[in-house]
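> So that you have it, the file is model_39.txt, and it contains compact mmCIF, C-alpha atoms:
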# COMPACT_ATOMS: atom_id res chain seq x y z
CA MET O 254 80.49 105.86 81.50
CA HIS O 255 79.86 102.29 80.62
CA GLY O 256 78.59 99.70 83.10
CA TYR O 257 82.01 98.48 84.21
CA GLU O 258 83.06 102.06 84.96
CA VAL O 259 79.85 102.65 86.92
CA VAL O 260 80.44 99.55 89.05
CA ALA O 261 84.10 100.51 89.63
CA GLU O 262 83.11 104.06 90.62
CA LEU O 263 80.42 102.81 93.01
CA GLU O 264 82.96 100.49 94.63
CA ARG O 265 85.55 103.27 94.82
CA ARG O 266 83.03 105.53 96.50
CA GLN O 267 82.01 102.70 98.88
CA ILE O 268 78.35 102.91 97.89
CA GLY O 269 77.72 99.84 100.04
CA ASP O 270 77.67 102.22 103.01
CA TRP O 271 74.45 103.75 101.69
CA ALA O 272 72.88 101.29 99.30
CA ASN O 273 72.98 97.60 98.57
CA VAL O 274 73.70 97.61 94.83
CA SER O 275 75.14 94.57 93.07
CA ARG O 276 76.93 94.42 89.71
CA PRO O 277 73.94 92.65 88.04
CA GLN O 278 71.61 95.35 89.41
CA VAL O 279 73.79 98.03 87.81
CA TYR O 280 73.64 96.38 84.38
CA TYR O 281 69.92 95.65 84.68
CA SER O 282 69.25 99.25 85.72
CA LEU O 283 71.36 100.68 82.90
CA ASP O 284 69.50 98.54 80.33
CA LYS O 285 66.16 99.57 81.77
CA LEU O 286 67.11 103.27 81.77
CA VAL O 287 68.16 102.98 78.10
CA ARG O 288 64.83 101.28 77.23
CA LEU O 289 62.99 104.13 78.99
CA ALA O 290 65.08 106.69 77.05
CA LEU O 291 66.47 108.13 80.28
CA LEU O 292 70.00 107.16 79.20
CA ARG O 293 71.38 106.94 75.67
CA PRO O 294 74.64 105.92 74.06
CA ALA O 295 77.11 108.80 74.22
CA THR O 296 78.04 110.22 70.82
CA ASP O 297 81.02 112.35 71.84
CA ALA O 298 82.88 109.68 73.80
CA GLU O 299 85.88 107.62 72.80
CA PRO O 300 84.96 104.14 71.54
CA ALA O 301 84.28 101.69 74.36
CA ALA O 302 86.78 98.91 75.03
CA GLY O 303 84.71 95.96 73.84
CA PRO O 304 81.22 95.28 72.50
CA GLU O 305 79.60 95.00 75.94
CA ARG O 306 80.91 98.37 77.05
CA ARG O 307 78.45 100.90 75.74
CA VAL O 308 79.32 104.38 76.96
CA LEU O 309 76.10 105.98 78.20
CA THR O 310 75.00 109.47 79.10
CA THR O 311 71.79 110.92 80.52
CA THR O 312 69.09 112.33 78.30
CA ALA O 313 67.21 115.56 79.00
CA SER O 314 64.22 113.41 79.91
CA GLY O 315 66.39 111.38 82.31
CA ARG O 316 67.67 114.51 84.04
CA ALA O 317 64.09 115.86 84.31
CA ARG O 318 62.78 112.56 85.76
CA LEU O 319 65.60 112.58 88.33
CA ALA O 320 64.86 116.19 89.24
CA ASP O 321 61.16 115.28 89.68
CA ALA O 322 62.05 112.26 91.82
CA LEU O 323 64.31 114.35 94.05
CA GLU O 324 61.30 116.55 94.93
CA ARG O 325 59.34 113.65 96.48
CA ALA O 326 58.62 114.13 100.18
CA ASP O 327 59.49 110.54 101.15
CA TRP O 328 63.22 111.28 100.74
CA THR O 329 63.03 113.48 103.84
CA THR O 330 60.07 112.10 105.76
CA ALA O 331 60.67 108.33 105.78
CA ARG O 332 62.07 106.81 108.98
CA GLU O 333 64.69 104.10 109.01
CA ARG O 334 63.97 100.87 110.84
CA PRO O 335 67.37 99.39 111.64
CA ALA O 336 67.49 95.66 112.35
CA PHE O 337 69.39 96.44 115.54
CA LEU O 338 66.33 98.16 117.03
CA THR O 339 64.22 95.09 116.26
CA TRP O 340 66.84 92.98 118.05
CA MET O 341 66.78 95.37 121.00
CA ALA O 342 62.98 95.12 121.28
CA LEU O 343 63.19 91.30 121.36
CA SER O 344 66.37 91.00 123.42
CA TRP O 345 64.53 90.39 126.68
CA LEU O 346 63.90 86.87 125.31
CA ALA O 347 67.61 86.11 124.81
CA ARG O 348 69.58 83.67 126.92
CA PRO O 349 71.60 85.02 129.86
CA GLY O 350 74.71 86.92 128.80
CA VAL O 351 73.58 87.39 125.20
CA PHE O 352 72.32 90.94 125.75
CA THR O 353 75.68 92.38 126.82
CA ALA O 354 77.63 90.16 124.39
CA GLN O 355 75.59 91.45 121.46
CA LEU O 356 75.92 95.06 122.64
CA ARG O 357 79.70 94.64 122.81
CA ARG O 358 79.66 93.13 119.30
CA ARG O 359 77.66 96.10 118.05
CA GLN O 360 80.03 98.48 119.85
CA ALA O 361 83.05 96.85 118.14
CA LEU O 362 81.37 97.19 114.75
CA LEU O 363 80.58 100.85 115.41
CA ARG O 364 84.20 101.57 116.34
CA GLN O 365 85.43 99.92 113.13
CA GLU O 366 82.89 101.82 111.06
CA ILE O 367 83.85 105.13 112.69
CA VAL O 368 87.51 104.56 111.78
CA ARG O 369 86.57 103.51 108.23
CA GLY O 370 84.21 106.47 107.87
CA GLU O 371 86.86 108.93 109.04
CA GLU O 372 89.37 107.46 106.56
CA THR O 373 86.82 107.79 103.77
CA LEU O 374 86.03 111.35 104.85
CA ARG O 375 89.71 112.33 104.63
CA SER O 376 89.89 110.81 101.15
CA VAL O 377 86.75 112.59 99.99
CA GLU O 378 87.89 115.92 101.44
CA ALA O 379 91.17 115.55 99.55
CA GLU O 380 89.27 114.76 96.34
CA VAL O 381 86.71 117.59 96.52
CA GLY O 382 89.10 120.11 98.06
CA HIS O 383 86.58 121.82 100.36
CA PRO O 384 84.16 120.92 103.18
CA TYR O 385 81.01 122.24 101.44
CA HIS O 386 80.12 119.17 99.40
CA GLU O 387 77.24 116.71 99.77
CA ALA O 388 79.66 113.77 100.09
CA VAL O 389 81.42 115.50 103.01
CA TRP O 390 78.09 116.29 104.67
CA MET O 391 76.85 112.71 104.17
CA LEU O 392 79.98 111.23 105.67
CA THR O 393 80.03 113.59 108.64
CA LEU O 394 76.36 112.76 109.34
CA MET O 395 77.10 109.03 109.14
CA ILE O 396 80.13 109.36 111.44
CA ASP O 397 78.18 111.49 113.93
CA GLN O 398 75.35 108.93 113.96
CA LEU O 399 77.82 106.08 114.55
CA LYS O 400 79.50 108.02 117.39
CA ASN O 401 76.13 108.84 118.94
CA GLU O 402 75.05 105.19 118.84
CA ALA O 403 78.41 104.14 120.35
CA ARG O 404 77.87 106.59 123.24
CA TRP O 405 74.34 105.27 123.70
CA ILE O 406 75.60 101.65 123.83
CA ASP O 407 78.17 102.69 126.44
CA LYS O 408 75.26 104.05 128.53
CA VAL O 409 73.16 100.91 128.06
CA LEU O 410 76.10 98.70 129.02
CA ARG O 411 76.59 100.75 132.21
CA GLU O 412 72.88 100.40 133.02
CA ALA O 413 72.46 96.75 131.92
CA ALA O 414 72.87 95.40 135.46
CA HIS O 415 69.64 97.23 136.40
CA ARG O 416 67.67 95.73 133.50
CA ALA O 417 64.23 94.56 134.62
CA PRO O 418 60.81 93.76 133.15
CA ALA O 419 58.12 96.44 132.91
CA LYS O 420 56.54 97.25 136.29
CA HIS O 421 53.12 98.11 134.87
CA PRO O 422 52.51 95.99 131.74
CA PRO O 423 49.13 96.33 130.02
CA ARG O 424 46.55 93.79 131.13
CA GLY O 425 44.51 91.79 128.76
Any chance you could give the structure as structure tokens?


Amino acid sequence: MHGYEVVAELERRQIGDWANVSRPQVYYSLDKLVRLALLRPATDAEPAAGPERRVLTTTASGRARLADALERADWTTARERPAFLTWMALSWLARPGVFTAQLRRRQALLRQEIVRGEETLRSVEAEVGHPYHEAVWMLTLMIDQLKNEARWIDKVLREAAHRAPAKHPPRG
């Protein structure tokens, strides 16, 4: 692929759901990977449509570096720190009514994302033709996480009227 195709494919696959990657980052990364000899111009491809559209392919070294990187433990041991949890920890300082208003806003977002995720899942399942694919597993995990958080927010909203400060805060 050349850079434009990479960007179009990332957009088609809604990569924004998993990573914040901009068009300039794609081109910068492709140039850097070529300089590091992890990508190279493809020799068996049709000519690119324009001088800025170099068709690239991975090198053996690039595939080996990726395989090495995929063995790092931090892929499976790092914990996410969602901004929403930071908000939740500080929410006791919000003005009256903000706590439930923000939870309802989050709940509305989750519902929209569940619908969008399920639409994407149907599209991916149609494309890959079976349920045993990493894209299907990723999407089902994401949808399950969204549904779980939506259920949790329902619970918090039901309990919000009982919200109170800590009874035994640390002294000092």

> One number please: atom CA of Arg404 of chain O to atom CA of Arg332 of chain O, in Å, one decimal.

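About the pair atom CA of Arg404 of chain O and atom CA of Arg332 of chain O: they are 21.3 Å apart.
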
> Quick one: residues within 12 Å of Gln398 of chain O, all atoms listed in the file counted, chain neighbours fewer than 6 positions away excluded, as a ChimeraX atom specification?

/O:363-364,366-367,370,391-392,404-405

> Residues as selected, C-alpha atoms, written as a short mmCIF file (atom, residue, chain, number, x, y, z; two decimals), keeping the file's coordinate frame, can you do that?


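The resulting file, again-v4.cif, is shown below:
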data_model
loop_
_atom_site.label_atom_id
_atom_site.label_comp_id
_atom_site.auth_asym_id
_atom_site.auth_seq_id
_atom_site.Cartn_x
_atom_site.Cartn_y
_atom_site.Cartn_z
CA LEU O 363 80.58 100.85 115.41
CA ARG O 364 84.20 101.57 116.34
CA GLU O 366 82.89 101.82 111.06
CA ILE O 367 83.85 105.13 112.69
CA GLY O 370 84.21 106.47 107.87
CA MET O 391 76.85 112.71 104.17
CA LEU O 392 79.98 111.23 105.67
CA ARG O 404 77.87 106.59 123.24
CA TRP O 405 74.34 105.27 123.70
#

> Just give me the gap between atom CA of Ala413 of chain O and atom CA of Trp340 of chain O in Å, one decimal is fine.

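Separation of atom CA of Ala413 of chain O and atom CA of Trp340 of chain O: 15.4 Å.
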
> Let me have the centre and edge lengths in Å, one decimal, of the box along x, y and z around every listed atom of segment 359-376 of chain O with 8 Å of margin on each side, as JSON.


{"center_x": 83.8, "center_y": 104.2, "center_z": 110.5, "size_x": 28.2, "size_y": 32.2, "size_z": 34.7}

> Just checking: using all atoms listed in the file, which residue out of O:Ile406, O:His421, O:Ala361, O:Gly315 ends up closest to Arg288 of chain O?

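Using all atoms listed in the file, the shortest distance to Arg288 of chain O belongs to O:Gly315.
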
> Do a neighbour search on Pro294 of chain O at 8 Å with all atoms listed in the file, toss out local chain neighbours closer than 4 positions, and write the hits as an NGL selection string.

:O and (307-310)

> Any idea what the distance is between atom CA of Glu380 of chain O and atom CA of Thr393 of chain O?

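Atom CA of Thr393 of chain O lies at a distance of 15.4 Å from atom CA of Glu380 of chain O.
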
> What residues have an atom no more than 12 Å from (75.3, 91.8, 122.4) in the file's own frame, counting all atoms listed in the file, and can you write them as a list in words?

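Residues satisfying the cut-off, written out: Phe337, Trp340, Met341, Ser344, Trp345, Ala347, Arg348, Pro349, Gly350, Val351, Phe352, Thr353, Ala354, Gln355, Leu356, Arg357, Arg358, Arg359, Gln360, Ala361, Leu362, Ile406, Asp407, Val409, Leu410 and Ala413 of chain O.
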
> For Tyr257 of chain O, list every protein, DNA or RNA residue within 10 Å, evaluated using only C-alpha atoms, and leave out those in the same chain fewer than 6 positions away; present the list as a ChimeraX atom specification.

/O:263,276,279-280,305-308
